>>> print(open('target_38.txt').read())   # compact mmCIF, C-alpha atoms and all ligand atoms
# COMPACT_ATOMS: atom_id res chain seq x y z
CA MET O 1 -62.98 46.21 -30.74
CA SER O 2 -59.52 45.75 -32.12
CA VAL O 3 -57.10 48.65 -31.96
CA ALA O 4 -54.11 48.84 -34.24
CA PRO O 5 -50.86 49.16 -32.24
CA CYS O 6 -48.78 52.24 -33.01
CA SER O 7 -45.58 51.23 -31.26
CA GLU O 8 -43.76 48.10 -30.07
CA LEU O 9 -44.78 48.89 -26.50
CA ASP O 10 -48.46 49.24 -27.52
CA GLU O 11 -48.20 45.96 -29.36
CA GLU O 12 -46.83 44.25 -26.27
CA VAL O 13 -49.55 45.72 -24.00
CA LEU O 14 -52.20 44.63 -26.49
CA GLU O 15 -50.72 41.17 -26.70
CA GLU O 16 -50.81 40.78 -22.92
CA GLN O 17 -54.40 42.16 -22.76
CA GLN O 18 -55.47 39.61 -25.34
CA LEU O 19 -53.78 36.80 -23.43
CA GLU O 20 -55.52 37.88 -20.21
CA GLU O 21 -58.91 38.06 -21.98
CA HIS O 22 -58.43 34.45 -22.94
CA GLY O 23 -57.30 33.52 -19.43
CA LEU O 24 -53.78 32.98 -20.65
CA HIS O 25 -51.64 35.35 -18.65
CA PHE O 26 -47.98 34.41 -18.63
CA GLU O 27 -45.28 35.96 -16.50
CA LEU O 28 -42.93 35.87 -19.49
CA SER O 29 -44.44 37.26 -22.68
CA ARG O 30 -43.27 36.05 -26.08
CA ARG O 31 -41.36 39.31 -26.64
CA ARG O 32 -39.64 39.10 -23.27
CA PHE O 33 -38.85 35.45 -23.90
CA MET O 34 -37.27 36.38 -27.26
CA GLN O 35 -35.27 39.17 -25.59
CA ALA O 36 -33.94 36.77 -22.93
CA ALA O 37 -33.14 34.11 -25.54
CA SER O 38 -31.23 36.67 -27.64
CA ALA O 39 -29.19 37.72 -24.61
CA PHE O 40 -28.25 34.11 -23.87
CA SER O 41 -27.32 33.49 -27.53
CA ALA O 42 -25.16 36.62 -27.64
CA ALA O 43 -23.44 35.58 -24.40
CA ALA O 44 -22.71 32.13 -25.80
CA ALA O 45 -21.31 33.64 -29.01
CA VAL O 46 -18.69 35.63 -27.09
CA GLY O 47 -17.90 32.83 -24.68
CA VAL O 48 -19.72 34.14 -21.59
CA PRO O 49 -21.29 31.18 -19.75
CA ALA O 50 -25.07 31.44 -19.71
CA THR O 51 -24.94 30.81 -15.95
CA ALA O 52 -23.06 34.10 -15.60
CA LEU O 53 -26.22 35.90 -16.79
CA ALA O 54 -28.65 33.71 -14.91
CA ALA O 55 -26.89 33.73 -11.55
CA PRO O 56 -24.51 36.57 -10.73
CA VAL O 57 -21.79 35.72 -8.22
CA ASP O 58 -22.61 37.10 -4.81
CA ALA O 59 -22.23 36.22 -1.17
CA GLU O 60 -25.41 34.14 -1.32
CA GLN O 61 -23.60 31.58 -3.49
CA LYS O 62 -20.95 30.92 -0.84
CA ARG O 63 -21.03 28.01 1.57
CA ALA O 64 -18.74 26.60 4.23
CA ILE O 65 -16.96 23.37 3.36
CA THR O 66 -14.18 21.25 4.83
CA LEU O 67 -11.95 19.41 2.38
CA LYS O 68 -9.60 16.69 3.53
CA ILE O 69 -6.40 17.25 1.60
CA ASN O 70 -3.25 15.20 2.12
CA GLY O 71 -4.63 14.00 5.44
CA LYS O 72 -5.40 17.48 6.77
CA ALA O 73 -8.85 19.04 7.22
CA GLN O 74 -9.05 22.37 5.38
CA PRO O 75 -12.07 24.53 6.28
CA LEU O 76 -13.03 26.95 3.52
CA THR O 77 -15.83 29.24 2.41
CA LEU O 78 -16.30 28.81 -1.31
CA ASP O 79 -18.63 29.74 -4.10
CA THR O 80 -20.57 26.54 -4.73
CA ARG O 81 -19.37 26.51 -8.35
CA THR O 82 -15.65 26.53 -7.49
CA SER O 83 -13.66 23.73 -9.09
CA LEU O 84 -11.42 21.60 -6.91
CA LEU O 85 -8.49 22.93 -8.94
CA ASP O 86 -9.31 26.56 -8.13
CA ALA O 87 -9.96 25.71 -4.47
CA LEU O 88 -6.47 24.20 -4.28
CA ARG O 89 -4.63 26.88 -6.20
CA GLU O 90 -6.57 30.07 -5.45
CA ASN O 91 -7.93 29.43 -1.96
CA LEU O 92 -5.29 27.19 -0.40
CA ASP O 93 -2.22 28.36 -2.30
CA MET O 94 -1.41 24.76 -3.18
CA THR O 95 0.05 25.45 -6.60
CA GLY O 96 1.67 22.06 -7.14
CA THR O 97 -1.45 21.04 -9.07
CA LYS O 98 -1.29 22.82 -12.42
CA LYS O 99 -3.91 24.46 -14.60
CA GLY O 100 -3.34 23.74 -18.28
CA CYS O 101 -6.52 23.80 -20.35
CA ASP O 102 -9.13 24.10 -17.54
CA HIS O 103 -11.36 21.98 -19.81
CA GLY O 104 -10.50 18.37 -18.97
CA GLN O 105 -8.24 17.91 -21.96
CA CYS O 106 -4.62 17.99 -20.77
CA GLY O 107 -4.42 16.18 -17.40
CA ALA O 108 -2.16 18.82 -15.81
CA CYS O 109 -4.65 19.19 -12.95
CA THR O 110 -4.82 15.47 -12.05
CA VAL O 111 -5.20 14.69 -8.35
CA LEU O 112 -6.36 11.59 -6.48
CA VAL O 113 -9.80 11.48 -4.87
CA ASP O 114 -10.18 8.39 -2.71
CA GLY O 115 -7.25 6.92 -4.63
CA ARG O 116 -8.79 7.47 -8.07
CA ARG O 117 -7.41 10.01 -10.52
CA VAL O 118 -9.65 12.91 -11.47
CA ASN O 119 -9.26 16.09 -13.46
CA SER O 120 -9.62 18.63 -10.67
CA CYS O 121 -10.62 21.32 -13.20
CA LEU O 122 -13.78 19.28 -13.93
CA THR O 123 -14.51 18.37 -10.31
CA LEU O 124 -16.54 20.70 -8.12
CA ALA O 125 -14.89 21.22 -4.75
CA PHE O 126 -18.23 20.45 -3.09
CA ALA O 127 -18.37 17.10 -4.90
CA ALA O 128 -15.11 16.13 -3.20
CA GLU O 129 -16.31 16.93 0.31
CA GLY O 130 -15.81 13.93 2.60
CA ALA O 131 -13.26 12.30 0.29
CA GLU O 132 -9.53 11.81 0.81
CA ILE O 133 -7.88 14.18 -1.65
CA THR O 134 -4.21 13.63 -2.47
CA THR O 135 -2.21 16.18 -4.44
CA ILE O 136 1.38 16.09 -5.59
CA GLU O 137 2.33 17.85 -2.32
CA GLY O 138 1.00 14.89 -0.34
CA LEU O 139 2.53 12.00 -2.26
CA SER O 140 5.96 11.87 -0.66
CA LYS O 141 6.68 9.71 2.39
CA VAL O 142 7.43 12.79 4.54
CA PRO O 143 5.85 16.27 4.36
CA GLU O 144 9.03 18.05 3.30
CA PRO O 145 11.26 15.61 1.42
CA LYS O 146 14.97 16.37 1.61
CA GLU O 147 16.37 13.43 -0.33
CA VAL O 148 15.31 10.99 -3.03
CA GLY O 149 14.51 8.31 -0.46
CA ASP O 150 11.82 10.59 1.02
CA LEU O 151 9.93 10.70 -2.26
CA HIS O 152 7.09 8.52 -3.46
CA PRO O 153 8.53 5.77 -5.70
CA MET O 154 6.85 7.35 -8.75
CA GLN O 155 8.43 10.73 -7.99
CA ALA O 156 11.81 9.05 -7.59
CA ALA O 157 11.34 7.16 -10.88
CA PHE O 158 10.52 10.37 -12.77
CA LEU O 159 13.77 11.84 -11.39
CA GLU O 160 15.79 8.75 -12.21
CA HIS O 161 14.41 8.40 -15.75
CA ASP O 162 14.35 12.12 -16.53
CA GLY O 163 10.60 12.00 -17.10
CA TYR O 164 10.16 15.74 -17.62
CA GLN O 165 11.59 18.82 -19.30
CA CYS O 166 9.82 22.04 -18.31
CA GLY O 167 7.98 20.16 -15.56
CA TYR O 168 4.59 21.82 -15.99
CA CYS O 169 2.73 18.60 -16.76
CA THR O 170 4.76 16.56 -14.25
CA PRO O 171 2.58 16.77 -11.09
CA GLY O 172 -0.42 15.61 -13.12
CA GLN O 173 1.65 12.91 -14.85
CA ILE O 174 2.91 11.57 -11.52
CA CYS O 175 -0.51 11.53 -9.81
CA SER O 176 -2.01 9.89 -12.88
CA ALA O 177 0.81 7.30 -13.05
CA VAL O 178 0.37 6.39 -9.37
CA ALA O 179 -3.32 5.67 -9.97
CA ALA O 180 -2.66 3.92 -13.30
CA VAL O 181 -0.32 1.41 -11.66
CA GLU O 182 -2.90 0.74 -8.93
CA GLU O 183 -5.64 0.26 -11.55
CA GLN O 184 -3.50 -2.32 -13.34
CA LYS O 185 -2.76 -4.09 -10.03
CA ARG O 186 -6.50 -4.34 -9.38
CA GLY O 187 -6.86 -6.02 -12.77
CA GLU O 188 -8.74 -3.16 -14.42
CA ILE O 189 -8.52 -3.36 -18.20
CA SER O 190 -7.89 -0.72 -20.85
CA ILE O 191 -8.74 -0.67 -24.55
CA VAL O 192 -5.26 -2.13 -25.19
CA SER O 193 -6.04 -5.13 -22.94
CA TRP O 194 -9.21 -5.56 -24.95
CA HIS O 195 -7.40 -5.43 -28.29
CA THR O 196 -4.63 -7.81 -27.20
CA GLY O 197 -7.11 -10.20 -25.58
CA LYS O 198 -5.27 -9.94 -22.24
CA THR O 199 -8.32 -9.02 -20.23
CA ASP O 200 -7.52 -11.33 -17.34
CA HIS O 201 -5.17 -9.26 -15.22
CA PRO O 202 -3.33 -7.46 -18.05
CA GLU O 203 0.41 -6.84 -17.84
CA MET O 204 1.70 -3.28 -17.73
CA THR O 205 3.31 -3.34 -21.19
CA ASP O 206 4.54 -0.13 -22.78
CA ASP O 207 1.38 -0.03 -24.91
CA GLU O 208 -0.72 -0.39 -21.76
CA ILE O 209 1.24 2.44 -20.11
CA ARG O 210 0.84 4.70 -23.14
CA GLU O 211 -2.90 4.02 -23.30
CA ARG O 212 -3.48 4.40 -19.56
CA MET O 213 -1.48 7.65 -19.49
CA SER O 214 -3.06 9.06 -22.66
CA GLY O 215 -5.11 11.60 -20.71
CA ASN O 216 -1.93 13.40 -19.68
CA ILE O 217 -0.43 15.59 -22.38
CA CYS O 218 3.22 16.68 -22.33
CA ARG O 219 3.99 19.60 -24.61
CA CYS O 220 7.71 18.95 -24.19
CA GLY O 221 7.30 15.40 -25.50
CA ALA O 222 8.98 13.65 -22.58
CA TYR O 223 6.83 10.58 -23.28
CA PRO O 224 9.58 7.91 -23.72
CA ASN O 225 11.05 8.78 -20.32
CA ILE O 226 7.63 8.99 -18.67
CA VAL O 227 6.88 5.48 -19.97
CA ALA O 228 10.26 4.30 -18.63
CA ALA O 229 9.46 5.72 -15.17
CA VAL O 230 6.01 4.13 -15.01
CA ARG O 231 7.41 0.83 -16.32
CA ALA O 232 10.06 0.81 -13.57
CA VAL O 233 7.52 1.40 -10.80
CA SER O 234 5.02 -1.10 -12.15
CA ARG O 235 7.77 -3.76 -12.23
CA GLY O 236 8.98 -2.84 -8.77
CA VAL O 237 12.44 -1.86 -9.93
CA SER O 238 12.34 1.78 -8.83
CA ALA O 239 13.37 3.42 -5.57
S1 LIG O 301 -6.32 21.73 -16.57
FE1 LIG O 301 -7.63 20.07 -16.08
S2 LIG O 301 -7.45 18.73 -17.78
FE2 LIG O 301 -6.29 20.47 -18.36
S1 LIG O 302 7.64 18.38 -19.20
FE1 LIG O 302 6.98 20.19 -20.20
S2 LIG O 302 4.91 19.84 -20.62
FE2 LIG O 302 5.62 17.93 -19.90
>>> encode(input="target_38.txt", output="structure tokens")
Amino acid sequence: MSVAPCSELDEEVLEEQQLEEHGLHFELSRRRFMQAASAFSAAAAVGVPATALAAPVDAEQKRAITLKINGKAQPLTLDTRTSLLDALRENLDMTGTKKGCDHGQCGACTVLVDGRRVNSCLTLAFAAEGAEITTIEGLSKVPEPKEVGDLHPMQAAFLEHDGYQCGYCTPGQICSAVAAVEEQKRGEISIVSWHTGKTDHPEMTDDEIRERMSGNICRCGAYPNIVAAVRAVSRGVSA
């Protein structure tokens, strides 16, 4: 016998009874599914990550990890979703690496992982476990440089060519430039090499430098001097 529901709750109970009668019991009813979907949609609309609803941060999410940074083992206990950038800045107080956009768009957070440049804001700390991580603090020839000669040649070139104004983008620019020069030395091509047809060990022309450094944004517009610094190092004419 069918009974007309008199409330939303009755309707839901009836719906579940009917499903069970037909051997179709689901843990998540249609109504509950719609309620969950609405909550996720509302969260997305106001910018709350859906994962924040699905998995609240608690001690269960934390794990021990050892990161090798600038040649030193750094044991940490981190939430498994921590970015490498936050691990450096918030957990290790290594604030040389900068947070600009936190979305992989500005390059301020660039560090080297096994010699390759990465946006540390897009890299999970746990994904970098076991790798050699180099930050701006670890580039110089000595741990605490006192004079220009103690600096990495790219750092010295940025100084010499005035490759910065406010300096916020500079650690990322320098780490990126170090890797860009190495990429060119290995013969890796860019879209400029492709367009110019110089795909067999391309030269580090200014266009190549601009293209290879295009992931690093400078709000101060110090680009001409940044290009000059990278050009000097790539031609071996810097300190
Ligand atoms: S902070 Fe990582 S790319 Fe902008
Ligand atoms: S020097 Fe200011 S953002 Fe590049």
>>> closest_residue(input="target_38.txt", among="O:Ile209, O:Val148, O:Cys169, O:Leu88", to="ligand LIG 301 (chain O)", atoms="only C-alpha atoms and all ligand atoms")
O:Cys169
>>> closest_residue(input="target_38.txt", among="O:Asp162, O:Ala131, O:Tyr168, O:Arg63", to="ligand LIG 301 (chain O)", atoms="all atoms listed in the file")
O:Tyr168
>>> residues_near_ligand(input="target_38.txt", ligand="ligand LIG 301 (chain O)", cutoff="6 Å", atoms="all atoms listed in the file", output="list in words")
Lys99, Gly100, Cys101, Asp102, His103, Gly104, Gln105, Cys106, Gly107, Ala108, Cys109, Asn119, Ser120 and Cys121 of chain O
>>> closest_residue(input="target_38.txt", among="O:Ala128, O:Ala157, O:Ala222, O:Met213", to="Ala177 (chain O)", atoms="only C-alpha atoms")
O:Met213
>>> residues_near_ligand(input="target_38.txt", ligand="ligand LIG 302 (chain O)", cutoff="9 Å", atoms="all atoms listed in the file", output="PyMOL selection string")
chain O and resi 108+163-170+173+216-223
>>> closest_residue(input="target_38.txt", among="O:Pro153, O:Gly197, O:Gly215, O:Gly172", to="Ser234 (chain O)", atoms="only C-alpha atoms")
O:Pro153
>>> atom_distance(input="target_38.txt", atom1="CA of Ser193 (chain O)", atom2="CA of Ile133 (chain O)")
28.8 Å
>>> closest_residue(input="target_38.txt", among="O:Asp207, O:His161, O:Ala180, O:Arg81", to="His195 (chain O)", atoms="all atoms listed in the file")
O:Asp207
>>> closest_residue(input="target_38.txt", among="O:Asn70, O:Gly149, O:Val181, O:Gly115", to="Thr135 (chain O)", atoms="only C-alpha atoms")
O:Asn70
>>> atom_distance(input="target_38.txt", atom1="CA of Glu132 (chain O)", atom2="CA of Ala64 (chain O)")
17.8 Å
>>> atom_distance(input="target_38.txt", atom1="CA of Ala229 (chain O)", atom2="CA of Glu182 (chain O)")
14.7 Å
>>> axis_aligned_box(input="target_38.txt", around="region 210-224 of chain O", padding_each_side="8 Å", output="lines of an AutoDock Vina configuration file")
center_x = 2.2
center_y = 11.8
center_z = -22.5
size_x = 30.7
size_y = 31.6
size_z = 22.0
>>> residues_around(input="target_38.txt", residues="Lys141 (chain O)", least_positions_apart="3", cutoff="9 Å", atoms="only C-alpha atoms", output="PyMOL selection string")
chain O and resi 138+144-145+149-152
>>> residues_around(input="target_38.txt", residues="Thr95 (chain O)", least_positions_apart="5", cutoff="10 Å", atoms="only C-alpha atoms", output="ChimeraX atom specification")
/O:85-86,88-90,135-137
>>> residues_near_point(input="target_38.txt", point="(-3.5, 5.0, -8.3)", cutoff="10 Å", atoms="all atoms listed in the file", output="compact mmCIF listing (two decimals) with C-alpha atoms, keeping the file's coordinate frame")
# COMPACT_ATOMS: atom_id res chain seq x y z
CA VAL O 111 -5.20 14.69 -8.35
CA LEU O 112 -6.36 11.59 -6.48
CA VAL O 113 -9.80 11.48 -4.87
CA ASP O 114 -10.18 8.39 -2.71
CA GLY O 115 -7.25 6.92 -4.63
CA ARG O 116 -8.79 7.47 -8.07
CA ARG O 117 -7.41 10.01 -10.52
CA ILE O 174 2.91 11.57 -11.52
CA CYS O 175 -0.51 11.53 -9.81
CA SER O 176 -2.01 9.89 -12.88
CA ALA O 177 0.81 7.30 -13.05
CA VAL O 178 0.37 6.39 -9.37
CA ALA O 179 -3.32 5.67 -9.97
CA ALA O 180 -2.66 3.92 -13.30
CA VAL O 181 -0.32 1.41 -11.66
CA GLU O 182 -2.90 0.74 -8.93
CA GLU O 183 -5.64 0.26 -11.55
CA GLN O 184 -3.50 -2.32 -13.34
CA LYS O 185 -2.76 -4.09 -10.03
CA ARG O 186 -6.50 -4.34 -9.38
